[in-house]
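A.B. asks: This is the structure, below, for whatever I ask next.
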Amino acid sequence: MFTIEDLTELHPDRLWLSFSEEQREIAWQYSRLFSHAYSQWNGYLNRLAINAVIPGLQEELDLNPTIWQPNSLPSFWENVNGTRLLINDNYSVVIIPSETVDTEEFRVPQEWVDIPSWVANYYLAVQVYPEAGYLQVWGYATHQQLKNQAVYDEFERVYVLPKADIIDDLNVMVVAQELCDTEIAFVSPLPPLYQNQAERWLEQLSSNTVENPRLAMPFYQWAALIANDKWREELYQRRCDRLSTQIRQSFNYLSQW
């Protein structure tokens with residue numbers, strides 16, 4: 001089995017990071033508290049990713065990221081892949097983990113690109129090897145790239161950017177944010193979603209027969225629903241029912257990052 005040192009020597013342009021067996025076991029235990037297999041695996045990968053990437057960015061790039069809305073992570077991971085990190089008052093990154101062995105393209109959920117309050121400057125492509133105990137940050141894209149160059153996959157509601165367009169040197173990202181290059185494209189405001197509309201959607205999406213709520217309603221109505229912190233949390237609680245309190249308590253410690 002390759003070590004982190006071996007992998008770094010083979011691919012010195014990528015950031016290779018490890019996580020412990022204990023971290024993997026805890027992440028797996030917590031993942032079982034989500035409502036469906038999709039969200040369970042999503043929570044597992046995202047938990048592994050932030051446990052490794054946050055200290056990795058601190059040690060390797062001298063950045064000091066903090067989790068955006070740390071106590072609300074379960075309500076994000078229940079439905080959407082990715083975690084937003086704040087670098088400072090003006091810059092943020094979104095970690096997008098994947099376990100696929102194919103790094104020929106970078107797939108970013110539309111929510112992180114088209115919800116104005118969720119938009120980030122940079123999006124990190126993270127490939128996770130759960131059984132091997134390590135991951136790689138194999139590059140990043142800017143918000144402008146995703147809006148202007150990526151292909152939109154209407155079926156999965158993701159922006160797809162080919163590997164050739166990915167920036168593989170993370171130091172370029174550090175220099176860009178130091179030069180105050182925001183890298184953010186224009187995003188249209190979300191249409192209004194009224195209380196009675198939200199209530200109807202919450203009732204419909206809370207059913208256990210709906211495995212993937214983000215694809216079960218028109219995107220911009222969905223975006224308006226989950227962009228609202230109260231409605232997003234309520235959807236999460238309804239779907240997880242009695243387990244929601246346990247999940248929130250389990251993730252509370254993340255606010256210490």
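Ordered as shown in the structure tokens, chains take letters A, B, and onward, while each chain numbers its residues from 1 and ligands are numbered from 1 in the order shown.
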List the spatial neighbours of segment 212-218 of chain A as an MDAnalysis selection string - criterion: any atom at most 7 Å away, only C-alpha atoms, same-chain residues fewer than 4 positions off excluded.
C.D. replies: chainID A and resid 79 205 222
A.B. asks: Find the residues of segment 111-221 of chain A that sit at most 8 Å from segment 85-95 of chain A; for each, write down the nearest two atoms and how far apart they are in Å, to one decimal. Count only C-alpha atoms. Sort by chain, then by number going up, and give it as JSON lines.
C.D. replies:
{"residue": "A:Trp112", "atom": "CA", "partner": "A:Val94", "partner_atom": "CA", "distance": 7.7}
{"residue": "A:Ala120", "atom": "CA", "partner": "A:Ser92", "partner_atom": "CA", "distance": 5.1}
{"residue": "A:Asn121", "atom": "CA", "partner": "A:Ser92", "partner_atom": "CA", "distance": 5.6}
{"residue": "A:Tyr122", "atom": "CA", "partner": "A:Val93", "partner_atom": "CA", "distance": 4.6}
{"residue": "A:Tyr123", "atom": "CA", "partner": "A:Val94", "partner_atom": "CA", "distance": 4.7}
{"residue": "A:Leu124", "atom": "CA", "partner": "A:Ile95", "partner_atom": "CA", "distance": 4.9}
{"residue": "A:Ala125", "atom": "CA", "partner": "A:Ile95", "partner_atom": "CA", "distance": 6.7}
{"residue": "A:Val126", "atom": "CA", "partner": "A:Ile95", "partner_atom": "CA", "distance": 6.9}
{"residue": "A:Gln177", "atom": "CA", "partner": "A:Tyr91", "partner_atom": "CA", "distance": 7.1}
{"residue": "A:Thr182", "atom": "CA", "partner": "A:Tyr91", "partner_atom": "CA", "distance": 7.3}
A.B. asks: Using the selection just defined, write its residues with N, CA, C and O atoms as an mmCIF file, in the first residue's frame.
C.D. replies:
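selection.cif written:
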data_model
loop_
_atom_site.group_PDB
_atom_site.id
_atom_site.type_symbol
_atom_site.label_atom_id
_atom_site.label_comp_id
_atom_site.auth_asym_id
_atom_site.auth_seq_id
_atom_site.Cartn_x
_atom_site.Cartn_y
_atom_site.Cartn_z
ATOM 1 N N TRP A 112 -24.266 25.105 -4.761
ATOM 2 C CA TRP A 112 -23.081 25.871 -4.344
ATOM 3 C C TRP A 112 -22.701 26.959 -5.350
ATOM 4 O O TRP A 112 -21.932 27.854 -5.033
ATOM 5 N N ALA A 120 -19.039 30.520 -3.321
ATOM 6 C CA ALA A 120 -17.674 30.646 -2.813
ATOM 7 C C ALA A 120 -16.762 31.157 -3.918
ATOM 8 O O ALA A 120 -17.118 31.134 -5.106
ATOM 9 N N ASN A 121 -15.585 31.588 -3.521
ATOM 10 C CA ASN A 121 -14.583 32.009 -4.501
ATOM 11 C C ASN A 121 -13.966 30.810 -5.206
ATOM 12 O O ASN A 121 -13.736 30.830 -6.415
ATOM 13 N N TYR A 122 -13.710 29.744 -4.422
ATOM 14 C CA TYR A 122 -12.993 28.584 -4.939
ATOM 15 C C TYR A 122 -13.689 27.286 -4.530
ATOM 16 O O TYR A 122 -14.331 27.206 -3.477
ATOM 17 N N TYR A 123 -13.502 26.255 -5.381
ATOM 18 C CA TYR A 123 -14.125 24.954 -5.151
ATOM 19 C C TYR A 123 -13.031 23.889 -5.260
ATOM 20 O O TYR A 123 -12.406 23.747 -6.326
ATOM 21 N N LEU A 124 -12.798 23.168 -4.181
ATOM 22 C CA LEU A 124 -11.718 22.181 -4.126
ATOM 23 C C LEU A 124 -12.220 20.799 -4.523
ATOM 24 O O LEU A 124 -13.193 20.288 -3.957
ATOM 25 N N ALA A 125 -11.547 20.190 -5.466
ATOM 26 C CA ALA A 125 -11.868 18.827 -5.896
ATOM 27 C C ALA A 125 -11.108 17.850 -5.002
ATOM 28 O O ALA A 125 -9.877 17.826 -4.997
ATOM 29 N N VAL A 126 -11.846 17.051 -4.250
ATOM 30 C CA VAL A 126 -11.244 16.149 -3.262
ATOM 31 C C VAL A 126 -11.641 14.714 -3.585
ATOM 32 O O VAL A 126 -12.829 14.381 -3.644
ATOM 33 N N GLN A 177 -6.095 35.057 -3.796
ATOM 34 C CA GLN A 177 -6.865 35.694 -2.716
ATOM 35 C C GLN A 177 -6.061 36.790 -2.029
ATOM 36 O O GLN A 177 -6.612 37.765 -1.551
ATOM 37 N N THR A 182 -11.457 38.184 -6.629
ATOM 38 C CA THR A 182 -12.584 37.478 -6.027
ATOM 39 C C THR A 182 -13.004 36.233 -6.798
ATOM 40 O O THR A 182 -13.508 35.281 -6.214
#
A.B. asks: When you count only C-alpha atoms, which of these residues is closest to Glu156 of chain A: A:Glu111, A:Glu199, A:Glu104, A:Glu5?
C.D. replies: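 Of all the options, A:Glu111 lies closest to Glu156 of chain A.
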A.B. asks: How many Å separate atom CA of Val175 of chain A from atom CA of Gly56 of chain A?
C.D. replies: 17.3 Å
A.B. asks: Figure out the distance between atom CA of Ala227 of chain A and atom CA of Pro65 of chain A, please, to one decimal in Å.
C.D. replies: 21.9 Å
A.B. asks: Counting only C-alpha atoms, figure out which residue out of A:Glu211, A:Glu105, A:Asp168, A:Glu203 gets nearest to His11 of chain A.
C.D. replies: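 Counting only C-alpha atoms, the residue closest to His11 of chain A is A:Asp168.
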A.B. asks: Taking into account only C-alpha atoms, which residue in the set A:Ile4, A:Val172, A:Cys240, A:Leu190 is nearest to Tyr134 of chain A?
C.D. replies: A:Ile4
A.B. asks: Would you return as a ChimeraX atom specification the members of segment 78-153 of chain A that DSSP assigns to strand (DSSP E or B) on this structure's backbone?
C.D. replies: /A:83-86,92-98,105-109,122-129,134-142,151-153
A.B. asks: Can you pull out every residue within 12 Å of Glu234 of chain A, counting only C-alpha atoms, but drop anything in the same chain fewer than 6 positions away, and send it as a ChimeraX atom specification?
C.D. replies: /A:72,74-76,78,198-199,201-203,205-206,225-226,228,240-241,244-245
A.B. asks: Using only C-alpha atoms, which protein or nucleic acid residues come within 9 Å of Ile115 of chain A? Drop anything in the same chain fewer than 6 positions from it, and give the result as a list in words.
C.D. replies: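 Answer for this query is Val187, Ser188, Pro189, Leu190, Tyr220, Ala223, Ala224 and Ala227 of chain A.
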A.B. asks: Since we have the selection now, will you write its residues out, keeping all heavy atoms, as a PDB file, in the first residue's frame?
C.D. replies:
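part_2.pdb written:
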ATOM      1  N   VAL A 187     -24.550  36.132 -10.011  1.00  0.00           N
ATOM      2  CA  VAL A 187     -25.580  35.133  -9.743  1.00  0.00           C
ATOM      3  C   VAL A 187     -26.902  35.862  -9.542  1.00  0.00           C
ATOM      4  O   VAL A 187     -26.993  36.800  -8.740  1.00  0.00           O
ATOM      5  CB  VAL A 187     -25.242  34.294  -8.491  1.00  0.00           C
ATOM      6  CG1 VAL A 187     -26.365  33.290  -8.204  1.00  0.00           C
ATOM      7  CG2 VAL A 187     -23.925  33.570  -8.667  1.00  0.00           C
ATOM      8  N   SER A 188     -27.931  35.423 -10.233  1.00  0.00           N
ATOM      9  CA  SER A 188     -29.240  36.063 -10.112  1.00  0.00           C
ATOM     10  C   SER A 188     -29.863  35.795  -8.747  1.00  0.00           C
ATOM     11  O   SER A 188     -29.681  34.702  -8.181  1.00  0.00           O
ATOM     12  CB  SER A 188     -30.191  35.544 -11.197  1.00  0.00           C
ATOM     13  OG  SER A 188     -29.692  35.816 -12.483  1.00  0.00           O
ATOM     14  N   PRO A 189     -30.581  36.763  -8.197  1.00  0.00           N
ATOM     15  CA  PRO A 189     -31.289  36.527  -6.925  1.00  0.00           C
ATOM     16  C   PRO A 189     -32.307  35.401  -7.079  1.00  0.00           C
ATOM     17  O   PRO A 189     -32.849  35.177  -8.161  1.00  0.00           O
ATOM     18  CB  PRO A 189     -31.976  37.869  -6.651  1.00  0.00           C
ATOM     19  CG  PRO A 189     -31.248  38.868  -7.486  1.00  0.00           C
ATOM     20  CD  PRO A 189     -30.770  38.132  -8.703  1.00  0.00           C
ATOM     21  N   LEU A 190     -32.569  34.702  -5.990  1.00  0.00           N
ATOM     22  CA  LEU A 190     -33.556  33.638  -6.022  1.00  0.00           C
ATOM     23  C   LEU A 190     -34.967  34.213  -6.023  1.00  0.00           C
ATOM     24  O   LEU A 190     -35.220  35.251  -5.410  1.00  0.00           O
ATOM     25  CB  LEU A 190     -33.385  32.722  -4.805  1.00  0.00           C
ATOM     26  CG  LEU A 190     -32.065  31.963  -4.702  1.00  0.00           C
ATOM     27  CD1 LEU A 190     -32.020  31.179  -3.394  1.00  0.00           C
ATOM     28  CD2 LEU A 190     -31.878  31.039  -5.894  1.00  0.00           C
ATOM     29  N   TYR A 220     -35.064  26.267  -8.713  1.00  0.00           N
ATOM     30  CA  TYR A 220     -35.035  27.563  -8.039  1.00  0.00           C
ATOM     31  C   TYR A 220     -36.012  27.643  -6.881  1.00  0.00           C
ATOM     32  O   TYR A 220     -35.797  28.399  -5.929  1.00  0.00           O
ATOM     33  CB  TYR A 220     -35.233  28.696  -9.057  1.00  0.00           C
ATOM     34  CG  TYR A 220     -33.963  28.923  -9.853  1.00  0.00           C
ATOM     35  CD1 TYR A 220     -33.823  28.425 -11.147  1.00  0.00           C
ATOM     36  CD2 TYR A 220     -32.881  29.577  -9.288  1.00  0.00           C
ATOM     37  CE1 TYR A 220     -32.640  28.596 -11.862  1.00  0.00           C
ATOM     38  CE2 TYR A 220     -31.691  29.760  -9.986  1.00  0.00           C
ATOM     39  CZ  TYR A 220     -31.577  29.266 -11.271  1.00  0.00           C
ATOM     40  OH  TYR A 220     -30.409  29.428 -11.953  1.00  0.00           O
ATOM     41  N   ALA A 223     -33.955  25.776  -4.309  1.00  0.00           N
ATOM     42  CA  ALA A 223     -32.884  26.645  -3.828  1.00  0.00           C
ATOM     43  C   ALA A 223     -33.412  27.651  -2.811  1.00  0.00           C
ATOM     44  O   ALA A 223     -32.784  27.898  -1.774  1.00  0.00           O
ATOM     45  CB  ALA A 223     -32.233  27.368  -5.006  1.00  0.00           C
ATOM     46  N   ALA A 224     -34.572  28.239  -3.096  1.00  0.00           N
ATOM     47  CA  ALA A 224     -35.159  29.195  -2.155  1.00  0.00           C
ATOM     48  C   ALA A 224     -35.536  28.519  -0.844  1.00  0.00           C
ATOM     49  O   ALA A 224     -35.430  29.119   0.231  1.00  0.00           O
ATOM     50  CB  ALA A 224     -36.385  29.852  -2.785  1.00  0.00           C
ATOM     51  N   ALA A 227     -32.075  27.584   1.004  1.00  0.00           N
ATOM     52  CA  ALA A 227     -31.289  28.773   1.338  1.00  0.00           C
ATOM     53  C   ALA A 227     -31.799  29.412   2.620  1.00  0.00           C
ATOM     54  O   ALA A 227     -31.072  30.152   3.287  1.00  0.00           O
ATOM     55  CB  ALA A 227     -31.319  29.773   0.194  1.00  0.00           C
TER      56      ALA A 227
END
A.B. asks: Nearest to Leu57 of chain A among A:Leu170, A:Arg84, A:Thr8, A:Asn196, with distances taken over only C-alpha atoms: which residue is it?
C.D. replies: A:Leu170
A.B. asks: Do a neighbour search on Trp28 of chain A at 9 Å with only C-alpha atoms, toss out local chain neighbours closer than 6 positions, and write the hits as a ChimeraX atom specification.
C.D. replies: /A:40-41,43-45,47
A.B. asks: Quick one: everything within 8 Å of Val108 of chain A, counting only C-alpha atoms, minus sequence neighbours fewer than 2 positions away in the same chain. Send it as a list in words.
C.D. replies: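 Residues meeting the cut-off are Ile96, Phe106, Gln110, Trp112, Val113, Val158, Tyr159 and Val160 of chain A.
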A.B. asks: Any chance you can output those residues with C-alpha atoms as a PDB file, in the first residue's frame?
C.D. replies:
ATOM      1  CA  ILE A  96     -16.479  18.786  -2.877  1.00  0.00           C
ATOM      2  CA  PHE A 106     -15.036  17.922 -11.528  1.00  0.00           C
ATOM      3  CA  GLN A 110     -25.696  23.551  -8.560  1.00  0.00           C
ATOM      4  CA  TRP A 112     -23.081  25.871  -4.344  1.00  0.00           C
ATOM      5  CA  VAL A 113     -22.900  27.798  -7.608  1.00  0.00           C
ATOM      6  CA  VAL A 158     -24.319  19.720 -11.303  1.00  0.00           C
ATOM      7  CA  TYR A 159     -21.775  21.845 -13.116  1.00  0.00           C
ATOM      8  CA  VAL A 160     -19.161  19.684 -14.847  1.00  0.00           C
TER       9      VAL A 160
END
A.B. asks: Rounded to one decimal in Å, what is the spacing between atom CA of Gln221 of chain A and atom CA of Ser98 of chain A?
C.D. replies: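 These atoms are spaced 26.4 Å apart.
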A.B. asks: Mind listing the helix (DSSP H, G or I) residues of segment 44-108 of chain A, per DSSP on the backbone, as a list in words?
C.D. replies: Tyr44, Leu45, Asn46, Arg47, Leu48, Ala49, Ile50, Asn51, Ala52, Val53, Ile54, Pro55, Gly56, Leu57, Gln58, Glu59, Glu60, Leu61, Pro70, Asn71, Ser72, Leu73, Pro74, Ser75, Phe76 and Trp77 of chain A
A.B. asks: Need to verify the contact set: Pro130 of chain A, 9 Å, only C-alpha atoms, exclusion of same-chain residues closer than 5 positions in sequence. Can you return it as a PyMOL selection string?
C.D. replies: chain A and resi 19+24+45+48+99+135
A.B. asks: How would the residues just picked look written out with C-alpha atoms as an mmCIF file, in the first residue's frame?
C.D. replies:
data_model
loop_
_atom_site.group_PDB
_atom_site.id
_atom_site.type_symbol
_atom_site.label_atom_id
_atom_site.label_comp_id
_atom_site.auth_asym_id
_atom_site.auth_seq_id
_atom_site.Cartn_x
_atom_site.Cartn_y
_atom_site.Cartn_z
ATOM 1 C CA PHE A 19 -7.206 10.386 8.321
ATOM 2 C CA ARG A 24 -13.116 6.828 9.846
ATOM 3 C CA LEU A 45 -17.405 11.400 2.847
ATOM 4 C CA LEU A 48 -13.757 12.476 6.395
ATOM 5 C CA GLU A 99 -14.946 8.556 -3.895
ATOM 6 C CA LEU A 135 -7.476 11.639 0.270
#
A.B. asks: Which residue, A:Asp6, A:Glu178, A:Glu131, A:Asp229, has the smallest gap to Leu63 of chain A when you use only C-alpha atoms?
C.D. replies: A:Glu178
